[in-house]
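Content type mmCIF, C-alpha atoms, from the file coords.cif:
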```cif
data_final
#
loop_
_atom_site.label_atom_id
_atom_site.label_comp_id
_atom_site.auth_asym_id
_atom_site.auth_seq_id
_atom_site.Cartn_x
_atom_site.Cartn_y
_atom_site.Cartn_z
CA GLU A 166 -1.70 -13.31 -119.54
CA ASP A 167 0.40 -10.52 -118.02
CA GLN A 168 -0.50 -7.07 -119.32
CA VAL A 169 0.94 -3.60 -118.84
CA THR A 170 -0.82 -0.48 -120.11
CA GLN A 171 0.69 2.98 -119.92
CA SER A 172 -1.16 6.25 -120.27
CA PRO A 173 -1.11 8.72 -121.77
CA GLU A 174 0.79 7.62 -124.87
CA ALA A 175 2.21 11.13 -125.21
CA LEU A 176 2.32 14.10 -122.86
CA ARG A 177 3.38 17.67 -123.58
CA LEU A 178 4.24 19.85 -120.60
CA GLN A 179 5.57 23.33 -120.13
CA GLU A 180 8.74 23.58 -118.09
CA GLY A 181 7.74 23.61 -114.42
CA GLU A 182 4.31 22.06 -115.03
CA SER A 183 4.06 18.97 -112.80
CA SER A 184 2.17 15.86 -113.92
CA SER A 185 1.86 12.10 -113.52
CA LEU A 186 2.29 9.12 -115.81
CA ASN A 187 0.22 5.99 -115.23
CA CYS A 188 1.12 2.32 -115.52
CA SER A 189 -1.72 -0.18 -115.04
CA TYR A 190 -0.84 -3.84 -114.78
CA THR A 191 -2.51 -7.24 -114.65
CA VAL A 192 -0.43 -10.10 -113.29
CA SER A 193 -1.23 -13.16 -111.21
CA GLY A 194 1.32 -11.98 -108.64
CA LEU A 195 3.85 -9.17 -108.72
CA ARG A 196 7.50 -9.74 -107.92
CA GLY A 197 8.54 -6.25 -108.95
CA LEU A 198 7.62 -3.23 -111.06
CA PHE A 199 10.33 -1.32 -112.89
CA TRP A 200 10.50 2.16 -114.39
CA TYR A 201 12.95 3.00 -117.15
CA ARG A 202 13.70 6.14 -119.13
CA GLN A 203 14.57 5.80 -122.83
CA ASP A 204 16.01 8.50 -125.06
CA PRO A 205 15.55 8.15 -128.85
CA GLY A 206 17.82 5.46 -130.30
CA LYS A 207 19.30 4.61 -126.89
CA GLY A 208 18.88 1.74 -124.46
CA PRO A 209 16.44 2.00 -121.53
CA GLU A 210 18.01 3.54 -118.44
CA PHE A 211 16.95 2.09 -115.10
CA LEU A 212 15.14 4.47 -112.75
CA PHE A 213 13.27 2.60 -110.00
CA THR A 214 12.10 -0.78 -108.74
CA LEU A 215 8.98 -1.07 -106.57
CA TYR A 216 8.06 -4.29 -104.81
CA SER A 217 4.94 -3.80 -102.71
CA ALA A 218 1.83 -1.65 -102.58
CA GLY A 219 2.42 1.61 -100.75
CA GLU A 220 6.09 1.74 -101.64
CA GLU A 221 7.53 5.02 -102.97
CA LYS A 222 10.91 5.86 -104.47
CA GLU A 223 12.31 9.27 -105.39
CA LYS A 224 15.10 10.54 -107.57
CA GLU A 225 15.54 14.23 -108.30
CA ARG A 226 12.27 15.44 -109.87
CA LEU A 227 10.81 11.93 -110.19
CA LYS A 228 8.77 9.97 -107.68
CA ALA A 229 7.35 6.49 -108.32
CA THR A 230 4.49 5.00 -106.33
CA LEU A 231 2.83 1.59 -106.39
CA THR A 232 -0.66 0.27 -105.65
CA LYS A 233 -2.05 -3.22 -106.18
CA LYS A 234 -3.17 -2.41 -109.71
CA GLU A 235 -1.08 0.50 -110.92
CA SER A 236 2.00 2.62 -110.55
CA PHE A 237 2.45 6.34 -111.03
CA LEU A 238 5.52 8.27 -112.03
CA HIS A 239 5.15 11.80 -110.73
CA ILE A 240 7.28 14.49 -112.34
CA THR A 241 7.65 17.66 -110.30
CA ALA A 242 8.64 20.92 -112.03
CA PRO A 243 10.00 19.13 -115.13
CA LYS A 244 12.82 20.54 -117.23
CA PRO A 245 13.39 20.09 -120.99
CA GLU A 246 16.06 17.49 -120.22
CA ASP A 247 13.34 15.27 -118.73
CA SER A 248 11.94 14.80 -122.24
CA ALA A 249 12.12 11.08 -123.04
CA THR A 250 9.97 7.98 -123.25
CA TYR A 251 9.19 6.47 -119.86
CA LEU A 252 8.71 2.71 -119.79
CA CYS A 253 7.08 0.60 -117.12
CA ALA A 254 7.68 -3.16 -116.82
CA VAL A 255 6.48 -5.92 -114.51
CA LEU A 256 8.23 -9.02 -113.27
CA PRO A 257 5.55 -11.57 -112.38
CA GLU A 258 5.80 -14.14 -109.60
CA GLY A 259 6.37 -17.73 -110.65
CA ASN A 260 8.57 -16.52 -113.46
CA ALA A 261 11.23 -19.14 -114.18
CA GLY A 262 13.66 -16.44 -115.16
CA ASN A 263 13.40 -12.70 -114.95
CA MET A 264 11.27 -12.06 -118.01
CA LEU A 265 10.00 -8.47 -118.00
CA THR A 266 6.74 -7.49 -119.65
CA PHE A 267 6.85 -3.88 -120.82
CA GLY A 268 4.12 -1.35 -121.44
CA GLY A 269 4.04 0.74 -124.59
CA GLY A 270 5.61 3.75 -122.88
CA THR A 271 4.69 7.40 -122.40
CA ARG A 272 6.51 9.89 -124.60
CA LEU A 273 7.10 13.02 -122.53
CA MET A 274 7.95 16.34 -124.13
CA VAL A 275 8.83 19.28 -121.89
CA LYS A 276 8.92 22.68 -123.59
CA PRO A 277 10.99 25.57 -122.21
CA ASP B 288 26.71 4.23 -119.17
CA SER B 289 25.16 0.98 -117.91
CA GLY B 290 28.31 -1.10 -118.36
CA VAL B 291 26.62 -3.38 -120.91
CA THR B 292 28.23 -3.24 -124.34
CA GLN B 293 26.77 -4.29 -127.68
CA THR B 294 28.29 -4.58 -131.13
CA PRO B 295 27.77 -3.61 -133.82
CA LYS B 296 25.87 -0.39 -133.29
CA HIS B 297 24.27 -0.52 -136.72
CA LEU B 298 23.78 -3.34 -139.19
CA ILE B 299 22.35 -3.16 -142.70
CA THR B 300 21.77 -6.40 -144.54
CA ALA B 301 19.54 -8.02 -147.13
CA THR B 302 16.60 -10.39 -146.82
CA GLY B 303 17.61 -14.01 -146.47
CA GLN B 304 20.92 -13.20 -144.83
CA ARG B 305 22.22 -14.18 -141.40
CA VAL B 306 23.70 -11.84 -138.78
CA THR B 307 25.22 -12.15 -135.31
CA LEU B 308 24.76 -9.57 -132.59
CA ARG B 309 27.14 -9.54 -129.66
CA CYS B 310 26.67 -8.50 -126.04
CA SER B 311 29.04 -8.21 -123.09
CA PRO B 312 27.26 -7.97 -119.74
CA ARG B 313 28.26 -5.77 -116.82
CA SER B 314 31.26 -7.08 -114.92
CA GLY B 315 30.12 -9.83 -112.57
CA ASP B 316 26.61 -10.21 -114.02
CA LEU B 317 25.64 -13.81 -114.72
CA SER B 318 22.32 -13.24 -116.49
CA VAL B 319 21.92 -11.93 -120.02
CA TYR B 320 18.64 -11.02 -121.72
CA TRP B 321 17.77 -10.18 -125.31
CA TYR B 322 14.91 -7.88 -126.28
CA GLN B 323 13.55 -6.67 -129.60
CA GLN B 324 12.05 -3.20 -129.98
CA SER B 325 10.06 -2.30 -133.06
CA LEU B 326 7.75 0.66 -133.64
CA ASP B 327 4.57 -1.42 -133.64
CA GLN B 328 5.45 -4.02 -131.00
CA GLY B 329 7.29 -2.09 -128.31
CA LEU B 330 9.94 -3.80 -126.22
CA GLN B 331 9.55 -7.59 -126.39
CA PHE B 332 11.50 -10.18 -124.42
CA LEU B 333 13.22 -12.79 -126.57
CA ILE B 334 15.41 -15.02 -124.40
CA GLN B 335 17.42 -15.17 -121.17
CA TYR B 336 20.62 -17.00 -120.30
CA TYR B 337 21.98 -17.51 -116.83
CA ASN B 338 25.60 -18.59 -116.42
CA GLY B 339 25.63 -20.28 -119.81
CA GLU B 340 22.25 -22.01 -119.58
CA GLU B 341 19.00 -20.98 -121.22
CA ARG B 342 16.65 -19.82 -118.48
CA ALA B 343 13.55 -18.34 -120.08
CA LYS B 344 12.18 -17.97 -123.57
CA GLY B 345 9.73 -15.43 -124.91
CA ASN B 346 8.18 -15.20 -128.36
CA ILE B 347 11.47 -15.82 -130.09
CA LEU B 348 11.23 -16.96 -133.70
CA GLU B 349 12.72 -20.32 -134.68
CA ARG B 350 15.01 -18.43 -137.09
CA PHE B 351 16.59 -16.73 -134.08
CA SER B 352 18.94 -18.40 -131.63
CA ALA B 353 21.25 -17.29 -128.87
CA GLN B 354 24.00 -18.59 -126.64
CA GLN B 355 26.06 -17.47 -123.67
CA PHE B 356 29.73 -18.34 -123.61
CA PRO B 357 31.96 -19.31 -120.65
CA ASP B 358 33.24 -15.72 -120.41
CA LEU B 359 29.53 -14.72 -120.07
CA HIS B 360 29.27 -12.73 -123.28
CA SER B 361 26.30 -13.60 -125.42
CA GLU B 362 25.47 -13.72 -129.10
CA LEU B 363 22.09 -13.49 -130.81
CA ASN B 364 21.97 -15.11 -134.23
CA LEU B 365 19.27 -14.05 -136.67
CA SER B 366 18.91 -16.06 -139.88
CA SER B 367 16.78 -16.04 -143.03
CA LEU B 368 16.16 -12.39 -142.32
CA GLU B 369 12.91 -10.75 -143.37
CA LEU B 370 11.98 -7.10 -143.73
CA GLY B 371 9.94 -7.35 -140.53
CA ASP B 372 13.04 -8.23 -138.51
CA SER B 373 14.24 -4.64 -138.82
CA ALA B 374 14.28 -3.35 -135.26
CA LEU B 375 16.43 -2.32 -132.35
CA TYR B 376 17.88 -5.30 -130.48
CA PHE B 377 18.83 -4.74 -126.88
CA CYS B 378 20.83 -6.83 -124.51
CA ALA B 379 20.43 -6.45 -120.76
CA SER B 380 22.18 -8.04 -117.81
CA SER B 381 21.50 -8.60 -114.14
CA SER B 382 23.69 -9.97 -111.42
CA ARG B 383 21.80 -13.08 -110.38
CA LEU B 384 18.42 -14.71 -110.10
CA GLY B 385 16.48 -14.02 -106.96
CA GLY B 386 17.28 -11.41 -104.37
CA ARG B 387 15.63 -8.09 -105.02
CA SER B 388 18.60 -5.95 -105.91
CA GLN B 389 19.94 -8.68 -108.14
CA GLU B 390 16.94 -8.74 -110.46
CA THR B 391 17.28 -5.25 -111.90
CA GLN B 392 18.14 -5.42 -115.58
CA TYR B 393 20.61 -2.94 -117.05
CA PHE B 394 20.34 -2.36 -120.77
CA GLY B 395 23.00 -1.87 -123.40
CA PRO B 396 22.92 0.78 -126.14
CA GLY B 397 21.37 -1.59 -128.67
CA THR B 398 22.05 -2.74 -132.22
CA ARG B 399 19.92 -1.17 -134.93
CA LEU B 400 19.21 -3.76 -137.62
CA LEU B 401 17.91 -2.74 -141.01
CA VAL B 402 16.91 -5.48 -143.43
CA LEU B 403 16.53 -4.30 -147.05
#
```
As a first step, turn the structure in this file into structure tokens.
Amino acid sequence: EDQVTQSPEALRLQEGESSSLNCSYTVSGLRGLFWYRQDPGKGPEFLFTLYSAGEEKEKERLKATLTKKESFLHITAPKPEDSATYLCAVLPEGNAGNMLTFGGGTRLMVKP
Amino acid sequence: DSGVTQTPKHLITATGQRVTLRCSPRSGDLSVYWYQQSLDQGLQFLIQYYNGEERAKGNILERFSAQQFPDLHSELNLSSLELGDSALYFCASSSRLGGRSQETQYFGPGTRLLVL
């Protein structure tokens, strides 16, 4: 069974304090790994897709990396507006459709 | 704004009732997905349609059903509602199946369902 585990569940940072969020996954084969940002009461907002180990993607203060067992979302010098829940999802190989399996998310709070 | 629209934004109803949630995908997207998000279960895949045909099914209850119409909008029907069905329901769309850039799912703003 495909599994996605995100840690920590919650993370409090001071503005400017860099950190990383972890997404560990277990799938028979990985077609893609997706990162989303979700604000309270809103729909998930797409951030990145990673396809193979060693791949990295960057956007502003965020950088996502992928290994064979996990992905990291690095946040450099975060600002209060980066506060949100960050969701990781996997798309397994052999999937008849495009069914994503999501982790539980990391709730990030950045204090000024 | 992802380009995916969902109506209504909020829905309050009673146990035993039936409701219909509506989703319009991004322009040109052929695939529509429905997800349920509750506090204890996280974001769970329900069902996917591709160009009018059911493509994949998750742990969708028998009381729930969906369809995708020729204009590609989709409806999720929830019947015999129970208190535990209270959740956020999201629709997402992607352009096609296969092809890396075409698999990214873009989510709508959601419908918040409260069953009393």
Output check: residues returned by the PyMOL selection byres ((chain B) within 7 of (chain A)), as number ranges by chain
B: 329-330, 332, 342-343, 377, 390, 393-397
Once you count only C-alpha atoms, which residues end up no further than 12 Å from (24.0, -21.4, -120.1) in the file's frame, shown as a PDB file with C-alpha atoms, in the frame of the given file?
```
ATOM      1  CA  LEU B 317      25.640 -13.810-114.720  1.00  0.00           C
ATOM      2  CA  SER B 318      22.320 -13.240-116.490  1.00  0.00           C
ATOM      3  CA  VAL B 319      21.920 -11.930-120.020  1.00  0.00           C
ATOM      4  CA  TYR B 320      18.640 -11.020-121.720  1.00  0.00           C
ATOM      5  CA  ILE B 334      15.410 -15.020-124.400  1.00  0.00           C
ATOM      6  CA  GLN B 335      17.420 -15.170-121.170  1.00  0.00           C
ATOM      7  CA  TYR B 336      20.620 -17.000-120.300  1.00  0.00           C
ATOM      8  CA  TYR B 337      21.980 -17.510-116.830  1.00  0.00           C
ATOM      9  CA  ASN B 338      25.600 -18.590-116.420  1.00  0.00           C
ATOM     10  CA  GLY B 339      25.630 -20.280-119.810  1.00  0.00           C
ATOM     11  CA  GLU B 340      22.250 -22.010-119.580  1.00  0.00           C
ATOM     12  CA  GLU B 341      19.000 -20.980-121.220  1.00  0.00           C
ATOM     13  CA  ARG B 342      16.650 -19.820-118.480  1.00  0.00           C
ATOM     14  CA  ALA B 343      13.550 -18.340-120.080  1.00  0.00           C
ATOM     15  CA  ALA B 353      21.250 -17.290-128.870  1.00  0.00           C
ATOM     16  CA  GLN B 354      24.000 -18.590-126.640  1.00  0.00           C
ATOM     17  CA  GLN B 355      26.060 -17.470-123.670  1.00  0.00           C
ATOM     18  CA  PHE B 356      29.730 -18.340-123.610  1.00  0.00           C
ATOM     19  CA  PRO B 357      31.960 -19.310-120.650  1.00  0.00           C
ATOM     20  CA  ASP B 358      33.240 -15.720-120.410  1.00  0.00           C
ATOM     21  CA  LEU B 359      29.530 -14.720-120.070  1.00  0.00           C
ATOM     22  CA  HIS B 360      29.270 -12.730-123.280  1.00  0.00           C
ATOM     23  CA  SER B 361      26.300 -13.600-125.420  1.00  0.00           C
ATOM     24  CA  GLU B 362      25.470 -13.720-129.100  1.00  0.00           C
TER      25      GLU B 362
END
```
Name all residues at most 12 Å from Cys188 (chain A) (count all atoms listed in the file; drop same-chain ones fewer than 5 positions away) and give them as a PyMOL selection string.
chain A and resi 168-174+198-201+229-239+251-255+267-271
With the file shown as input, list the residues that the PyMOL selection byres ((chain A and resi 191) around 6) selects, as a VMD selection string.
chain A and resid 167 to 168 190 192
Grab the CA of Gln328 (chain B) to CA of Pro312 (chain B) distance for me, in Å with one decimal place.
24.9 Å
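If you look at CA of Glu220 (chain A) and CA of Leu195 (chain A), they are 13.2 Å away from each other.
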Using the chain letters and residue numbers of this document, give as a VMD selection string the residues selected by the PyMOL selection byres ((chain B and resi 403) around 7).
chain B and resid 300 to 302 370 401 to 402
